[in-house]
Structure formats: structure tokens, C-alpha cells
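Asks: Below is the structure I would like to discuss, written out as C-alpha cells.
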Amino acid sequence: MDRTDSELLETIAGLHDIPEGSFNIRKNGKLLARNSTADIEIIPKKDKDGIDIVVKAGVVKKSVHIPVLLTVGDFKETVYNDFFIGKGADVTIIAGCGIHNDACGDAEHDGVHTFHLEKGAKVKYIERHYASGDGTGKKSFDPVTKIYCKENACFEMESTQLGGVTSTVRKTYATLGKNAQLIVKEKILTDSEESAVTDFKVYLNGEHSRADIVSRSVAKGKSVQKFGSDLIGKNECFGHVECDGILLGEARIVSTPKIDAVSPEASLVHEAAVGKIAGEQLLKLMSLGLTEQEAEDAVIKGFLN
Amino acid sequence: MLELKNISYSVKDENTGRMQEILKDVDLTFEDKGINVITGPNGSGKSTLIKLVMGFERPTEGKVLFNGNDITELGVTERARMGFTIAFQQPVRFKGITVKKLLELASGKKMNTEDMCDCLSSVGLCARNYIDRAVDGTLSGGELKRIELAMAVAKGGEVFLLDEPEAGIDLWSFEDLVKIFARLRDKTVIIVSHQQRILETADKIFLFDHDKITSAGRGDDMFALLTKRPAQCWRNLQES
């Protein structure tokens with residue numbers, strides 16, 4: 001690992017070095033390091049690029065890191081990772097991808113992640129996307145996340161993209177069984193000519209299933225963001241989608257929330273608010289001694305906190 | 001010393017297009033130490049006066065002098081750094097910004113739990129329950145108002161502008177407010193209020209009516225006049 005690798009690794013996974021326990025670190029399409037344990041097994045796929053991550057039933061308080069580094073241009077990869085979370089397991093999965101592209105060719109990583117949660121399984125999934133580099137080549141991510149939760153399973157997803165990514169199209173699909181729960185916190189910051197598209201489609205199939213999706217986004221410069229969500233309530237369930245966006249410069253945010261109460265017992269809510277930073281927020285912070293720019297930065301930092 | 005010299009302030013009425021006078025030729029002097037309460041009917045320009053002093057708005061005519069220096073053209077940030085501190089009538093909400101962060105922004109330094117306890121307990125809040133909470137819609141109106149006042153305490157300064165500090169604070173907590181005023185007594189405190197308990201604490205009371213000061217005087221004298229016949233307090237003063 002060189003210095004760029006270390007910096008990327010710290011930004012996307014909070015890692016200062018090779019982690020303990022199970023991990024799989026991938027760099028420029030090749031395996032950099034892997035450790036498979038008895039509790040969390042990592043098996044490379046034979047038919048395509050990617051790995052199977054198998055968490056045994058009852059394994060709790062364990063984590064697995066699967067970061068991806070991309071430090072060259074003219075490179076595009078699609079990686080298929082399948083997660084099998086055993087009954088009653090409770091684990092944290094730290095994914096994320098860092099691109100550093102100083103070249104003029106494009107660099108793109110598309111991770112297709114599928115999660116199968118058995119009864120009562122719990123997953124906290126942390127995904128960070130970050131890009132740096134002065135090259136003219138694009139830095140793109142098009143992740144697809146598929147989540148299947150059986151009875152009483154709970155999937156919590158924290159998805160963060162805070163800069164440098166030229167374009168991203170993020171698709172998340174979830175199917176929830178009885179009493180299953182999906183919690184999503186998404187934070188996106190775009191600037192200059194960047195674009196970010198996110199799409200959620202959640203089927204609340206089981207009785208008393210719940211979904212809570214909160215998206216906070218800040219669009220600067222001439223960047224464009226599109227947020228779409230589609231909640232389908234097929235049972236007595238509760239679904240909530242919240243999309244808040246702050247606009248700066250000439251940026252644009254389009255929010256299209258859709259809710260479909262197939263069952264009359266479904267309770268579905270969506271909220272969306274997009275606009276500039278409220279003048280009174282800036283005035284309050286300026287009255288504490290901050291300049292207008294400092295006040296703006298403080299509002300954005302807090303908002304994406 | 002803070003002086004307002006012949007201050008007038010007009011805004012354009014959006015419906016008629018005509019200029020509407022909010023303040024007309026206001027002349028006021030606030031001494032370095034003491035609690036000044038500005039009272040008067042709704043719409044008489046009290047809150048506007050506070051905004052002009054803080055620099056949120058510029059007067060159409062007149063000057064604002066602080067310790068003899070003309071600060072009329074100075075912006076909010078500069079005035080805040082000079083020692084002007086404001087507590088809003090309606091506190092602002094911030095998604096994601098915690099009480100701790102706002103207190104630190106106000107004080108301009110990192111704060112430990114003890115510092116935060118000092119600020120928050122002065123407004124009757126327990127630091128442990130609040131420092132990590134976001135200053136957003138999850139807090140009640142009364143809690144937000146107390147945090148607004150705690151920010152003013154944390155910031156400190158020379159001139160404190162408190163716009164209806166009692167709004168949303170329950171009757172049982174008035175003592176907390178009165179204690180804050182006592183703590184600020186060696187500063188210039190300007191409070192907009194209609195509350196008897198706050199008027200009682202004033203060293204000086206200013207009565208505003210129809211865009212200007214109609215009366216000013218020592219706290220207890222003015223208070224006696226205002227409360228003689230509360231419903232006709234303005235006539236009481238005119239007759240006197």
C-alpha cells in the first residue's frame with residue numbers, strides 16, 4: 001500500500017492499517033489482502049468478479065471490511081458481492097470505494113451488493129464513496145444494493161458520498177418480511193458539474209414491516225441531483241421517506257417520492273424540502289460572530305452530520 | 001455607551017407600493033451598565049429597533065454610535081465581534097447542528113461539559129440531556145427559547161439584545177430569567193418585553209407607541225405609571 005492507498009482507505013473505511021477479523025481489500029481489480037474467519041467466511045466467486053460473504057447464524061458484535069481502491073484511469077469494473085447473514089446474527093459491514101484518478105481516462109467502479117438476511121438477523125451497512133485526483137477522467141460509481149429481509153430482520157444502511165465523484169447512479173431495492181425493518185441514512189454532496197441520481201424501491205410485504213429512508217443532500221456549483229423513492233405497502237406496515245436538499249449556486253435538485261398503499265392497512269409518508277439555506281439561519285450564526293461563508297459552511301456541515 | 005441618533009426606518013408596503021414608516025426620528029441613549037426594557041403595543045417598532053442595533057437592517061436615516069464610534073454601516077458579523085449579542089424572539093432551527101456545536105460557535109471555543117453545564121443550567125436545562133441533541137423540530141418551543149438564551153450567555157459581550165425573552169418560557173421558570181438578567185447587570189442589556197415581572201427588573205423603561213418613544217424613565221417610576229390602570233397605561237403616562 002502506498003500513501004494514496006492509505007489516505008483513501010482511511011477516508012472510506014476509517015482504516016489506518018490492515019484491519020483485524022474478516023476483510024477483503026481490492027485494488028485496481030485485483031485482490032490486495034483478504035482474511036476469512038470461521039464466523040465470517042469470504043469466498044471468491046468462480047463465475048464472475050466478486051465474493052460471497054457468509055456470516056454464520058448467531059455471530060454477533062463482529063464486523064467485516066470490504067473496501068475497494070481504484071487509483072488508475074481507463075478502468076471500469078463491475079463487482080458482484082453476495083452477503084448471506086445467518087439467523088440471529090448481528091454484524092457491521094463496512095464497504096466503500098475510493099477512486100484517485102490523475103489520468104485523463106475514466107475510472108468507474110460498480111458494486112452490485114445483494115444481502116440475504118435470515119430471520120432475526122441484523123446488519124449495519126456503512127458505505128462511503130469518495131473520489132480525488134486532478135485528472136480530466138471521470139470518477140464514477142454506479143452501485144446497486146439489493147436487500148432481502150426475512151421475518152424480524154433489520155437492515156440499517158448509512159450511505160455517504162461527500163465529494164469528488166463526477167457521476168453516480170445509485171439503485172437500492174429492498175423486500176421486507178414480517179416485522180422486518182429497513183433504516184437508510186443517505187448523505188450526498190455534489191459540486192461543479194457533478195451529477196448524482198439515487199433511486200429507492202422498497203416492498204413492505206410483511207405484516208408490521210417498517211422502512212425509514214432519510215436523504216440529506218447538498219448541491220453546489222452547477223451540479224444536479226435526482227432523488228427518487230418508491231414505497232409499496234402490501235400489508236399492515238409503516239413507511240417514511242424524507243428528502244431534504246440544500247441548493248447553492250446554480251445547482252438543481254429534483255425529488256420524486258412515490259408511495260403506493262396496495263394494502264388499505266399500509267401507512268406511508270413522504271416529506272421533501274428543497275431550497276436555499278434559510279436567511280435566518282445565516283443571520284443567527286453571523287450574530288454569533290461568523291462570517292457569511294463560515295455560517296454557510298456550518299449549516300452544511302451540520303446538515304450532513 | 002450606545003446611542004441611536006434620529007433613527008428612522010421605512011419599508012415599502014408590498015400591496016400599495018408606498019413607503020411605510022416603522023420608526024420615526026428615534027433618539028435613544030443606553031448607558032454602559034443597566035437593564036433597559038422597551039415596551040409598547042404590537043407593531044410599534046420595538047423588534048425593528050433591535051434589528052437595527054444588531055445590524056440586520058440599516059436605518060433609512062440617522063446614526064448608531066457605540067462608544068462614540070459610528071457603526072451605522074457595520075454588518076452583523078462585525079457588530080457581533082464588537083460585543084453585540086442577540087437572542088431572537090423566535091429561535092432558529094438547524095437540522096443536524098447540536099446544542100453543543102451551537103454553544104461552541106457562540107463562545108468561539110471548544111467547551112467542556114462543565115462550561116456547557118454553566119450555560120445550560122443558567123437557563124434551567126440539564127446539559128447531559130441536551131448537548132448532543134440537534135437544535136431542530138424535536139425540541140419544544142420553550143426548550144429552543146432557553147437554548148437561544150444559553151447561546152447569548154455562552155457568547156458573552158457588551159450589549160445584549162433580548163427580544164421577548166419570556167416568550168414560550170413557563171411561569172415557573174421566570175426566576176431563571178431574572179437570574180440571567182442579574183448576571184448581565186454590568187453590561188448594557190436591552191430587552192423587548194411586555195411582561196410585568198421583567199418590567200419590574202428594569203433600571204430604565206422605554207415606552208414605544210406608533211413608531212417612536214413616547215416616554216422613558218426610571219424603572220420603578222415608569223412601572224408604577226404603567227400598572228396603575230394597565231388597560232390605559234398610555235393615558236396614565238400622558239396624564240402624568
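Ordering of the C-alpha cells sets the chain letters (A, B, ...), residue numbers begin anew at 1 in every chain, and ligands are numbered from 1 in the order given.
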Show me which bits of chain A are within 6 Å of chain B, counting only C-alpha atoms, as JSON, numbers by chain.
Replies: {"A": [286, 287, 288, 289, 290, 291, 302, 303, 305]}
Asks: Write a file of the selected residues as a short mmCIF file (atom, residue, chain, number, x, y, z; two decimals), in the first residue's frame, keeping C-alpha atoms.
Replies:
```
data_model
loop_
_atom_site.label_atom_id
_atom_site.label_comp_id
_atom_site.auth_asym_id
_atom_site.auth_seq_id
_atom_site.Cartn_x
_atom_site.Cartn_y
_atom_site.Cartn_z
CA MET A 286 -23.44 35.66 11.83
CA SER A 287 -24.80 37.21 15.03
CA LEU A 288 -22.51 34.77 16.87
CA GLY A 289 -19.53 36.31 15.04
CA LEU A 290 -19.26 34.04 11.99
CA THR A 291 -18.79 35.47 8.51
CA GLY A 302 -24.37 20.20 10.49
CA PHE A 303 -26.91 19.20 7.85
CA ASN A 305 -23.52 15.47 10.05
#
```
Asks: Which residues are close to B:Pro59, i.e. within 9 Å by only C-alpha atoms, leaving aside same-chain residues fewer than 3 positions away? Reply as a list in words.
Replies: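 In the requested format, the answer is Ile7, Ser8, Tyr9, Ser10, Leu23, Leu52, Gly62, Lys63, Val64 and Thr72 of chain B.
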Asks: Excluding same-chain residues fewer than 5 positions from B:Leu184, what lies within 9 Å of it counting only C-alpha atoms, as a ChimeraX atom specification?
Replies: /B:33-35,153,160,179,189
Asks: Take the residues that were just selected and, keeping C-alpha atoms, output them as a compact mmCIF listing (two decimals), in the first residue's frame.
Replies:
```txt
# COMPACT_ATOMS: atom_id res chain seq x y z
CA LYS B 33 -24.47 49.30 32.66
CA GLY B 34 -28.08 48.51 33.36
CA ILE B 35 -31.20 46.79 32.24
CA VAL B 153 -24.74 33.66 27.77
CA PHE B 160 -27.27 42.22 25.00
CA LYS B 179 -31.18 35.47 37.40
CA VAL B 189 -28.98 44.98 28.37
```
Asks: Can you work out which one of A:Ile253, A:Leu304, A:Leu69, A:Ile246 has the shortest atom-to-atom distance to A:Lys185, counting only C-alpha atoms?
Replies: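 Nearest candidate to A:Lys185 out of A:Ile253, A:Leu304, A:Leu69, A:Ile246: A:Leu304.
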Asks: Near A:Thr256, counting only C-alpha atoms, which residues have an atom at most 12 Å away, once you skip same-chain residues fewer than 4 positions from it, shown as number ranges by chain?
Replies: A: 197-200, 225-231, 241-244, 270-274
Asks: Kindly export the residues of the current selection with C-alpha atoms, as a short mmCIF file (atom, residue, chain, number, x, y, z; two decimals), in the first residue's frame.
Replies:
```cif
data_model
loop_
_atom_site.label_atom_id
_atom_site.label_comp_id
_atom_site.auth_asym_id
_atom_site.auth_seq_id
_atom_site.Cartn_x
_atom_site.Cartn_y
_atom_site.Cartn_z
CA VAL A 197 -29.02 10.00 -9.06
CA THR A 198 -30.45 7.88 -6.27
CA ASP A 199 -33.39 5.54 -6.50
CA PHE A 200 -35.04 3.51 -3.78
CA GLN A 225 -29.09 15.63 -8.08
CA LYS A 226 -32.13 13.47 -8.63
CA PHE A 227 -33.80 11.61 -5.79
CA GLY A 228 -36.46 9.03 -6.43
CA SER A 229 -38.21 6.74 -3.99
CA ASP A 230 -40.99 4.24 -4.38
CA LEU A 231 -42.56 2.62 -1.31
CA VAL A 241 -39.30 8.83 3.23
CA GLU A 242 -37.70 12.19 3.87
CA CYS A 243 -35.66 14.05 1.28
CA ASP A 244 -34.10 17.34 2.32
CA HIS A 270 -43.18 11.15 2.33
CA GLU A 271 -41.66 14.54 3.00
CA ALA A 272 -39.47 16.56 0.70
CA ALA A 273 -38.00 20.02 1.11
CA VAL A 274 -35.50 21.60 -1.25
#
```
Asks: Suppose you want the space between atom CA of A:Ile259 and atom CA of A:Glu236; what is it in Å?
Replies: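 Answer for the atom CA of A:Ile259 to atom CA of A:Glu236 separation: 14.3 Å.
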